[in-house]
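Participant: Structure below; questions to follow.
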Amino acid sequence: MPGGRVGYNPGVTRGRLTGGVAALVLLGAYAALRLEVSTDVTEFLALNDGADRARLSRRLARSELTRTLIITVGGASEARRLAAAGELASFARAHPEVAWVQDRVPEGLERAFYELYFPRRLLFFDDRPERIPAALSSTSLARAARDLKRRLAGPVGDFLKRTAPADPLQAFPALLERLQAASEGGLTVTAEGRFVAGDWAVVFLATRSSAFASARQRPLLAALERRFAALKAADPSLRLEMSGVNRMAIANEESIKADVTRISLLSTLGIAVLFLLLFRALRPLALGYLPLVSGVLAATAVSLLLFRKVHGITLAFGSSLLGVCIDYPVHLLNHHALRPRGRALARVWPGLRLGALTTVAGFAGLLFTGFPGIREIAVFGVSGVLAALVATRVLCAPLLPPARRATPLQRALATGLSGLSRWLAASRWRARTPLLAALALCALGLPRVRWLDDPRALYDADTPLAREQRRVRDRVARVDGARVVVALGRTLEEALRRNDEAHFRLRAAEEEGLLRSHRSLHSFLWSTDLQRRNAAAIWNDAGLAQRVEECFAAEGFRPGAFRPFFEALRASPPEPLTLPELLASPLAPLVRGFVVDLEGEVGVLTFLRGVRDGPALEQRFADAPGIHYVDQHLILGRAYRSYREELTWLVGLGLGAVLALLFLRYRSLRGVLAAFVPSLLAAACAVAVLALCGATLHLLHLTALLLVLSIGADYGIFLVEARDDVEDLGAAALGVCVACGTTLLAFGLLALSEAPVLRAIGSTVGVGVLSALALAPAARVVFGSRREVPCSTSS
């Protein structure tokens, strides 16, 4: 058997090698042609049956609510600000990605408002129709007559003189006052009808594509910035500030891509230097990267096939996970060079196979989680690890160097590590010391662990861009952007009826101090049913005309002054106002943002200001079907807490599967403990160290612990599989040390990332693998050695 390779057959080997290379080329081509990176945070929201609000949150995140971009232009004089904002608005209207633009009050707004509402003023008389009979009693009408008389002598007298004959009950002025109250906020209108917020001109626009479709959003934002740069060149005092989900999505994507690129380059360079120092040849370096490249390509291709895109977090996390797969060729190369009399592949294959299967078992549980993003990470990891294992056997083994000589550094390190192992074995208490120290560290740190179930832990909320976004929202909208009430319906009328009910409950909540105020479509439009109930209460009152005549005459109004009102009562009631009529009128920009299409259902949104007690406000709608208080932070916090509890069970199932695999291999409790205890203690040590350093842990720390458990199990397995002779034990120990070095280069560098999520992964895995490296040799001595492992000639 040339080169000591098991089952070597030139024809078969050459065929497998050719097939493997062809598969790599096909996978690479597929991944390159189909690659699409997503930064959609909704992929990390639960989809299980108990997460109705989380599903609603996902649907809202894909609605026009998140496709709206607010542009504000400041600096310079008011005329220059307005001119620059107008230029940007005109430029945006011509862009194919922009659905609509609004920078001013539509022409004909006042006329349209009068024509739509004045004929229907009595249909909006009182949103509690049961109160109408009392409002139309003689006592109330006499009070209304006195009020009209007083107001005719005031500032609005000229207006009322024109409308009062047809509207003595002042239903139309009351409607105007409600609308004015609903428009409270930072936005005002200039004499020319332009939108302004203090010293800033304001432009609103909505995109056609999702805010997370970066391929379409990036060119639009870049075009707007270039256009403003040209305007600023003419007037350097101009300032631009914008707020939109698309800006944050693109910034997060670019940050993650930059981190992945930078960290990949640094880790690649570091691993290359490590391999060249250790093996002093290029072939081992190339062989080391074959499984890694194979795993990444296979995992990317499988993810694209199943999900049609790859999330940025998956790409960063999964690619780092596959960095662990370089351990497989490291062990193969070390045994090939350090044990010239053995068959390298036959010697290490049982351990490699078991290590890969335990990693797969640990991550397979994540396939059953309710979080699409976490499932995607699991698919990426499982498929990548299996592909890397196959590549080690099919591609690396046949290409091992024919000359089997260890470098001086390799030989010296292996001899030293073998001697260290024997030194530990000379005294059981000496070997127990690292394990006892780890237990003491856990006892000190684990009680201090603090979990943060808040999605804001996944991103940096204090970047310049995030601060700019908040300034624009506070300047223009003055609403709590993460909190809305949603009234859902299978039809628009059902959604509007529920929106009426939502308004009543919110008004009561305001009176109790649960929130400051709210902005609702109810200020513009009531359900058809509520309008008809108003009409019935007024038109069915046979004595209303006579009472109005008498009560108003008693206050000095001349008889017959309200003939147009009496004629309207004798005619049939007008048809109720509908949303399509509003959307077809100049009032469309005022109501468009309240209604969203939510994947087969109609959603009517109410925007909240100054929420003081979110849980109490949520309880307000507990018995209201189809009405939901949506607090993004509250919902995501609950979803993440649910995921953390769910993940704990899934990790437990994964660990059970790992233990079963270890027992099937070793058939001995001591052998199982020797392989498994390092990973378990290393994960606990990582949590303890982070807690002692003051870190608050979140779900990505917990997910990263799965990596620590998988890597620690690999270290334990590789050492337990080693025989007690100098060559075998030295090769295994050196392989574990090199594997730890490559893992630190793959994961430890993530701790330098700008993204909090990647920093969490890097710090957790970095501490965990160092702990596993220190504990694995001690556990081998304390619990048992390779002599308890059944011999295997599996190839």
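Naming works like this for the structure tokens: A, B, ... for the chains as they're shown, residue 1 at the start of each chain, ligands 1 onward in shown order.
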Contacts of segment 523-532 of chain A at 10 Å or less, counting only C-alpha atoms, minus same-chain residues fewer than 5 places along, as a PyMOL selection string?
Facilitator: chain A and resi 117+120-129+175-183+492-500+503+537-538+573-579+582+587+590-591
Participant: As a list in words, please: every residue in segment 399-494 of chain A that DSSP puts in strand (DSSP E or B).
Facilitator: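 Here is the list: Trp451, Arg483, Val484, Val485, Val486, Ala487, Leu488 and Gly489 of chain A.
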Participant: Write the selection just made, keeping all heavy atoms, as a CSV table (one decimal), in the first residue's frame?
Facilitator:
chain,number,residue,atom,x,y,z
A,451,TRP,N,-29.2,37.1,32.0
A,451,TRP,CA,-29.6,37.0,30.6
A,451,TRP,C,-30.4,38.2,30.2
A,451,TRP,O,-31.3,38.7,31.0
A,451,TRP,CB,-30.5,35.7,30.5
A,451,TRP,CG,-29.8,34.5,30.7
A,451,TRP,CD1,-29.7,33.7,31.8
A,451,TRP,CD2,-29.0,33.8,29.7
A,451,TRP,NE1,-28.9,32.6,31.6
A,451,TRP,CE2,-28.4,32.6,30.4
A,451,TRP,CE3,-28.6,34.1,28.4
A,451,TRP,CZ2,-27.6,31.8,29.7
A,451,TRP,CZ3,-27.8,33.2,27.7
A,451,TRP,CH2,-27.3,32.0,28.4
A,483,ARG,N,-44.0,50.8,18.7
A,483,ARG,CA,-45.3,50.5,19.4
A,483,ARG,C,-46.5,50.9,18.5
A,483,ARG,O,-46.6,52.1,18.2
A,483,ARG,CB,-45.4,51.1,20.8
A,483,ARG,CG,-44.3,50.6,21.7
A,483,ARG,CD,-44.6,51.3,23.1
A,483,ARG,NE,-43.6,50.8,24.1
A,483,ARG,CZ,-42.5,51.5,24.4
A,483,ARG,NH1,-42.2,52.6,23.7
A,483,ARG,NH2,-41.6,51.0,25.3
A,484,VAL,N,-47.3,50.0,18.2
A,484,VAL,CA,-48.6,50.3,17.4
A,484,VAL,C,-49.7,49.4,17.9
A,484,VAL,O,-49.4,48.4,18.5
A,484,VAL,CB,-48.4,50.2,15.9
A,484,VAL,CG1,-47.4,51.2,15.3
A,484,VAL,CG2,-48.0,48.7,15.5
A,485,VAL,N,-50.9,49.8,17.6
A,485,VAL,CA,-52.0,48.9,17.8
A,485,VAL,C,-52.5,48.6,16.4
A,485,VAL,O,-52.7,49.4,15.6
A,485,VAL,CB,-53.2,49.6,18.6
A,485,VAL,CG1,-54.4,48.7,18.6
A,485,VAL,CG2,-52.7,49.8,20.1
A,486,VAL,N,-52.8,47.3,16.2
A,486,VAL,CA,-53.2,46.8,14.9
A,486,VAL,C,-54.6,46.2,15.0
A,486,VAL,O,-54.8,45.3,15.8
A,486,VAL,CB,-52.2,45.8,14.3
A,486,VAL,CG1,-52.6,45.4,12.9
A,486,VAL,CG2,-50.8,46.3,14.3
A,487,ALA,N,-55.5,46.7,14.1
A,487,ALA,CA,-56.8,46.0,14.0
A,487,ALA,C,-56.8,45.2,12.7
A,487,ALA,O,-56.7,45.8,11.7
A,487,ALA,CB,-57.9,47.1,14.0
A,488,LEU,N,-57.0,43.9,12.9
A,488,LEU,CA,-57.0,43.0,11.7
A,488,LEU,C,-58.4,42.6,11.3
A,488,LEU,O,-59.3,42.5,12.2
A,488,LEU,CB,-56.2,41.8,12.1
A,488,LEU,CG,-54.7,41.9,12.3
A,488,LEU,CD1,-54.1,40.6,12.7
A,488,LEU,CD2,-54.0,42.4,11.0
A,489,GLY,N,-58.6,42.4,10.0
A,489,GLY,CA,-59.8,41.9,9.5
A,489,GLY,C,-59.7,41.2,8.2
A,489,GLY,O,-58.8,41.5,7.4
Participant: Pick out the closest residue to Leu332 of chain A from this set: A:Ala142, A:Glu550, A:Glu581, A:Asp728. Count only C-alpha atoms.
Facilitator: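 Of all the options, A:Asp728 lies closest to Leu332 of chain A.
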Participant: With only C-alpha atoms as the counted atoms, please give the residues lying no more than 9 Å from segment 429-445 of chain A, apart from itself and same-chain residues fewer than 4 positions off, as an mmCIF file with all heavy atoms, in the first residue's frame.
Facilitator:
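File around.cif, as written:
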data_model
loop_
_atom_site.group_PDB
_atom_site.id
_atom_site.type_symbol
_atom_site.label_atom_id
_atom_site.label_comp_id
_atom_site.auth_asym_id
_atom_site.auth_seq_id
_atom_site.Cartn_x
_atom_site.Cartn_y
_atom_site.Cartn_z
ATOM 1 N N TRP A 423 3.325 13.397 32.202
ATOM 2 C CA TRP A 423 3.522 14.082 33.487
ATOM 3 C C TRP A 423 2.192 14.212 34.230
ATOM 4 O O TRP A 423 2.116 14.009 35.437
ATOM 5 C CB TRP A 423 4.120 15.469 33.231
ATOM 6 C CG TRP A 423 4.298 16.290 34.465
ATOM 7 C CD1 TRP A 423 5.283 16.168 35.411
ATOM 8 C CD2 TRP A 423 3.447 17.372 34.887
ATOM 9 N NE1 TRP A 423 5.104 17.102 36.406
ATOM 10 C CE2 TRP A 423 3.987 17.863 36.111
ATOM 11 C CE3 TRP A 423 2.316 17.963 34.358
ATOM 12 C CZ2 TRP A 423 3.399 18.908 36.795
ATOM 13 C CZ3 TRP A 423 1.743 19.011 35.045
ATOM 14 C CH2 TRP A 423 2.279 19.478 36.245
ATOM 15 N N LEU A 424 1.113 14.531 33.500
ATOM 16 C CA LEU A 424 -0.202 14.584 34.118
ATOM 17 C C LEU A 424 -0.631 13.213 34.619
ATOM 18 O O LEU A 424 -1.185 13.062 35.711
ATOM 19 C CB LEU A 424 -1.243 15.102 33.114
ATOM 20 C CG LEU A 424 -1.396 16.611 32.925
ATOM 21 C CD1 LEU A 424 -2.403 16.897 31.818
ATOM 22 C CD2 LEU A 424 -1.826 17.292 34.211
ATOM 23 N N ALA A 425 -0.360 12.185 33.807
ATOM 24 C CA ALA A 425 -0.779 10.832 34.159
ATOM 25 C C ALA A 425 -0.028 10.284 35.361
ATOM 26 O O ALA A 425 -0.486 9.344 36.017
ATOM 27 C CB ALA A 425 -0.599 9.912 32.959
ATOM 28 N N VAL A 449 -24.610 35.056 36.460
ATOM 29 C CA VAL A 449 -25.067 35.137 35.063
ATOM 30 C C VAL A 449 -26.352 35.956 34.980
ATOM 31 O O VAL A 449 -27.282 35.766 35.769
ATOM 32 C CB VAL A 449 -25.305 33.725 34.490
ATOM 33 C CG1 VAL A 449 -25.993 33.809 33.130
ATOM 34 C CG2 VAL A 449 -23.987 32.985 34.367
ATOM 35 N N PRO A 678 -14.870 17.357 29.167
ATOM 36 C CA PRO A 678 -14.209 18.613 28.777
ATOM 37 C C PRO A 678 -15.139 19.608 28.094
ATOM 38 O O PRO A 678 -15.081 20.816 28.355
ATOM 39 C CB PRO A 678 -13.093 18.151 27.835
ATOM 40 C CG PRO A 678 -12.820 16.748 28.236
ATOM 41 C CD PRO A 678 -14.137 16.182 28.658
ATOM 42 N N LEU A 681 -17.711 21.068 30.799
ATOM 43 C CA LEU A 681 -17.060 22.010 31.708
ATOM 44 C C LEU A 681 -16.576 23.258 30.981
ATOM 45 O O LEU A 681 -16.628 24.364 31.519
ATOM 46 C CB LEU A 681 -15.879 21.326 32.416
ATOM 47 C CG LEU A 681 -16.175 20.646 33.749
ATOM 48 C CD1 LEU A 681 -14.896 20.059 34.326
ATOM 49 C CD2 LEU A 681 -16.809 21.612 34.734
ATOM 50 N N ALA A 682 -16.095 23.089 29.751
ATOM 51 C CA ALA A 682 -15.617 24.243 28.986
ATOM 52 C C ALA A 682 -16.752 25.222 28.708
ATOM 53 O O ALA A 682 -16.580 26.445 28.802
ATOM 54 C CB ALA A 682 -14.987 23.781 27.675
ATOM 55 N N ALA A 684 -19.464 25.622 30.523
ATOM 56 C CA ALA A 684 -19.783 26.274 31.798
ATOM 57 C C ALA A 684 -18.742 27.322 32.155
ATOM 58 O O ALA A 684 -19.072 28.405 32.660
ATOM 59 C CB ALA A 684 -19.889 25.222 32.900
ATOM 60 N N CYS A 685 -17.465 27.019 31.891
ATOM 61 C CA CYS A 685 -16.400 27.988 32.176
ATOM 62 C C CYS A 685 -16.546 29.240 31.318
ATOM 63 O O CYS A 685 -16.309 30.361 31.788
ATOM 64 C CB CYS A 685 -15.028 27.355 31.933
ATOM 65 S SG CYS A 685 -14.530 26.182 33.221
ATOM 66 N N ALA A 686 -16.932 29.060 30.054
ATOM 67 C CA ALA A 686 -17.111 30.219 29.175
ATOM 68 C C ALA A 686 -18.187 31.141 29.727
ATOM 69 O O ALA A 686 -18.024 32.372 29.775
ATOM 70 C CB ALA A 686 -17.477 29.754 27.762
ATOM 71 N N VAL A 687 -19.307 30.568 30.164
ATOM 72 C CA VAL A 687 -20.384 31.374 30.738
ATOM 73 C C VAL A 687 -19.923 32.055 32.019
ATOM 74 O O VAL A 687 -20.191 33.246 32.250
ATOM 75 C CB VAL A 687 -21.621 30.488 31.006
ATOM 76 C CG1 VAL A 687 -22.681 31.269 31.765
ATOM 77 C CG2 VAL A 687 -22.189 29.957 29.700
ATOM 78 N N ALA A 688 -19.203 31.308 32.854
ATOM 79 C CA ALA A 688 -18.739 31.871 34.127
ATOM 80 C C ALA A 688 -17.782 33.032 33.907
ATOM 81 O O ALA A 688 -17.884 34.075 34.572
ATOM 82 C CB ALA A 688 -18.070 30.776 34.953
ATOM 83 N N VAL A 689 -16.843 32.884 32.974
ATOM 84 C CA VAL A 689 -15.870 33.953 32.714
ATOM 85 C C VAL A 689 -16.577 35.202 32.187
ATOM 86 O O VAL A 689 -16.283 36.334 32.617
ATOM 87 C CB VAL A 689 -14.791 33.474 31.723
ATOM 88 C CG1 VAL A 689 -13.947 34.640 31.233
ATOM 89 C CG2 VAL A 689 -13.902 32.426 32.376
ATOM 90 N N LEU A 690 -17.504 35.024 31.269
ATOM 91 C CA LEU A 690 -18.239 36.179 30.732
ATOM 92 C C LEU A 690 -19.034 36.879 31.832
ATOM 93 O O LEU A 690 -19.090 38.108 31.882
ATOM 94 C CB LEU A 690 -19.167 35.731 29.605
ATOM 95 C CG LEU A 690 -18.480 35.251 28.313
ATOM 96 C CD1 LEU A 690 -19.506 34.680 27.344
ATOM 97 C CD2 LEU A 690 -17.714 36.384 27.650
ATOM 98 N N ALA A 691 -19.645 36.082 32.715
ATOM 99 C CA ALA A 691 -20.410 36.676 33.810
ATOM 100 C C ALA A 691 -19.491 37.449 34.752
ATOM 101 O O ALA A 691 -19.824 38.549 35.205
ATOM 102 C CB ALA A 691 -21.165 35.584 34.567
ATOM 103 N N LEU A 692 -18.323 36.878 35.061
ATOM 104 C CA LEU A 692 -17.378 37.560 35.945
ATOM 105 C C LEU A 692 -16.837 38.842 35.321
ATOM 106 O O LEU A 692 -16.461 39.777 36.031
ATOM 107 C CB LEU A 692 -16.226 36.620 36.296
ATOM 108 C CG LEU A 692 -16.585 35.456 37.240
ATOM 109 C CD1 LEU A 692 -15.422 34.487 37.352
ATOM 110 C CD2 LEU A 692 -16.970 35.983 38.619
ATOM 111 N N SER A 771 -10.635 26.698 27.335
ATOM 112 C CA SER A 771 -10.968 25.858 28.485
ATOM 113 C C SER A 771 -10.970 24.394 28.100
ATOM 114 O O SER A 771 -10.455 23.535 28.840
ATOM 115 C CB SER A 771 -12.340 26.262 29.045
ATOM 116 O OG SER A 771 -12.363 27.626 29.426
ATOM 117 N N ALA A 774 -7.486 22.999 27.856
ATOM 118 C CA ALA A 774 -6.860 22.745 29.153
ATOM 119 C C ALA A 774 -7.476 21.533 29.855
ATOM 120 O O ALA A 774 -6.785 20.822 30.603
ATOM 121 C CB ALA A 774 -6.996 23.982 30.033
ATOM 122 N N LEU A 775 -8.747 21.267 29.609
ATOM 123 C CA LEU A 775 -9.444 20.221 30.355
ATOM 124 C C LEU A 775 -9.374 18.850 29.710
ATOM 125 O O LEU A 775 -9.440 17.827 30.407
ATOM 126 C CB LEU A 775 -10.915 20.621 30.534
ATOM 127 C CG LEU A 775 -11.168 21.884 31.384
ATOM 128 C CD1 LEU A 775 -12.627 22.298 31.300
ATOM 129 C CD2 LEU A 775 -10.763 21.634 32.829
ATOM 130 N N PRO A 777 -6.916 16.996 28.201
ATOM 131 C CA PRO A 777 -5.871 16.066 28.655
ATOM 132 C C PRO A 777 -6.094 15.592 30.085
ATOM 133 O O PRO A 777 -5.847 14.420 30.415
ATOM 134 C CB PRO A 777 -4.589 16.892 28.541
ATOM 135 C CG PRO A 777 -4.914 17.988 27.584
ATOM 136 C CD PRO A 777 -6.344 18.297 27.799
ATOM 137 N N ALA A 778 -6.575 16.481 30.953
ATOM 138 C CA ALA A 778 -6.818 16.089 32.340
ATOM 139 C C ALA A 778 -7.941 15.069 32.429
ATOM 140 O O ALA A 778 -7.860 14.093 33.191
ATOM 141 C CB ALA A 778 -7.153 17.329 33.166
ATOM 142 N N ALA A 779 -9.015 15.270 31.658
ATOM 143 C CA ALA A 779 -10.129 14.336 31.687
ATOM 144 C C ALA A 779 -9.708 12.968 31.168
ATOM 145 O O ALA A 779 -10.166 11.928 31.660
ATOM 146 C CB ALA A 779 -11.288 14.883 30.850
ATOM 147 N N ARG A 780 -8.824 12.933 30.178
ATOM 148 C CA ARG A 780 -8.331 11.645 29.651
ATOM 149 C C ARG A 780 -7.639 10.841 30.742
ATOM 150 O O ARG A 780 -7.790 9.625 30.837
ATOM 151 C CB ARG A 780 -7.378 11.909 28.484
ATOM 152 C CG ARG A 780 -6.822 10.642 27.835
ATOM 153 C CD ARG A 780 -5.865 11.002 26.723
ATOM 154 N NE ARG A 780 -5.427 9.806 26.017
ATOM 155 C CZ ARG A 780 -4.409 9.041 26.381
ATOM 156 N NH1 ARG A 780 -3.722 9.341 27.486
ATOM 157 N NH2 ARG A 780 -4.087 7.980 25.679
ATOM 158 N N VAL A 781 -6.860 11.549 31.560
ATOM 159 C CA VAL A 781 -6.134 10.860 32.634
ATOM 160 C C VAL A 781 -7.075 10.441 33.757
ATOM 161 O O VAL A 781 -7.019 9.319 34.258
ATOM 162 C CB VAL A 781 -5.017 11.774 33.187
ATOM 163 C CG1 VAL A 781 -4.368 11.144 34.412
ATOM 164 C CG2 VAL A 781 -3.984 12.048 32.111
ATOM 165 N N VAL A 782 -7.979 11.338 34.155
ATOM 166 C CA VAL A 782 -8.835 11.068 35.310
ATOM 167 C C VAL A 782 -9.857 9.977 35.020
ATOM 168 O O VAL A 782 -10.106 9.102 35.856
ATOM 169 C CB VAL A 782 -9.548 12.364 35.745
ATOM 170 C CG1 VAL A 782 -10.607 12.071 36.809
ATOM 171 C CG2 VAL A 782 -8.539 13.366 36.275
#
Participant: Hey, which of A:Asp167, A:Glu253, A:Glu618, A:Asp103 ends up closest to Arg194 of chain A? Count only C-alpha atoms.
Facilitator: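 Closest residue, counting only C-alpha atoms: A:Asp103.
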Participant: Identify, with DSSP run on backbone atoms, the residues in segment 499-724 of chain A assigned to helix (DSSP H, G or I), and express the list as a ChimeraX atom specification.
Facilitator: /A:499-511,521-523,528-539,544-554,563-570,579-583,588-594,614-620,632-666,669-692,699-721
Participant: Which residues come within 8 Å of Ser264 of chain A, counting only C-alpha atoms, excluding same-chain residues fewer than 4 positions away, as a PyMOL selection string?
Facilitator: chain A and resi 260+268+746
Participant: Let me make sure I understand: among A:Leu699, A:Ala509, A:Leu521, A:Leu69, which one has the smallest atom-to-atom distance to Val596 of chain A if we use only C-alpha atoms?
Facilitator: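 The shortest atom-to-atom distance to Val596 of chain A comes from A:Leu521.
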Participant: Using Å and a single decimal, report how far atom CA of Ala356 of chain A sits from atom CA of Ser710 of chain A.
Facilitator: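 Calculated distance between atom CA of Ser710 of chain A and atom CA of Ala356 of chain A is 8.6 Å.
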Participant: Do you have the atom CA of Val293 of chain A-atom CA of Gly362 of chain A distance handy?
Facilitator: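 These two atoms are separated by 22.0 Å.
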Participant: Excluding same-chain residues fewer than 4 positions from Leu659 of chain A, what lies within 8 Å of it counting only C-alpha atoms, as a ChimeraX atom specification?
Facilitator: /A:655,663,672,676
Participant: Ranking A:Thr72, A:Gln102, A:Ser418, A:Ser137 by minimum distance to Ala545 of chain A and counting only C-alpha atoms, which one comes first?
Facilitator: A:Ser137
Participant: Considering only C-alpha atoms, return as an MDAnalysis selection string whatever protein or nucleic-acid residues lie within 10 Å of Leu744 of chain A, sequence-local ones (same chain, fewer than 2 positions apart) excluded.
Facilitator: chainID A and resid 267 270:271 320 323:324 738:742 746:750 762:763 765:770
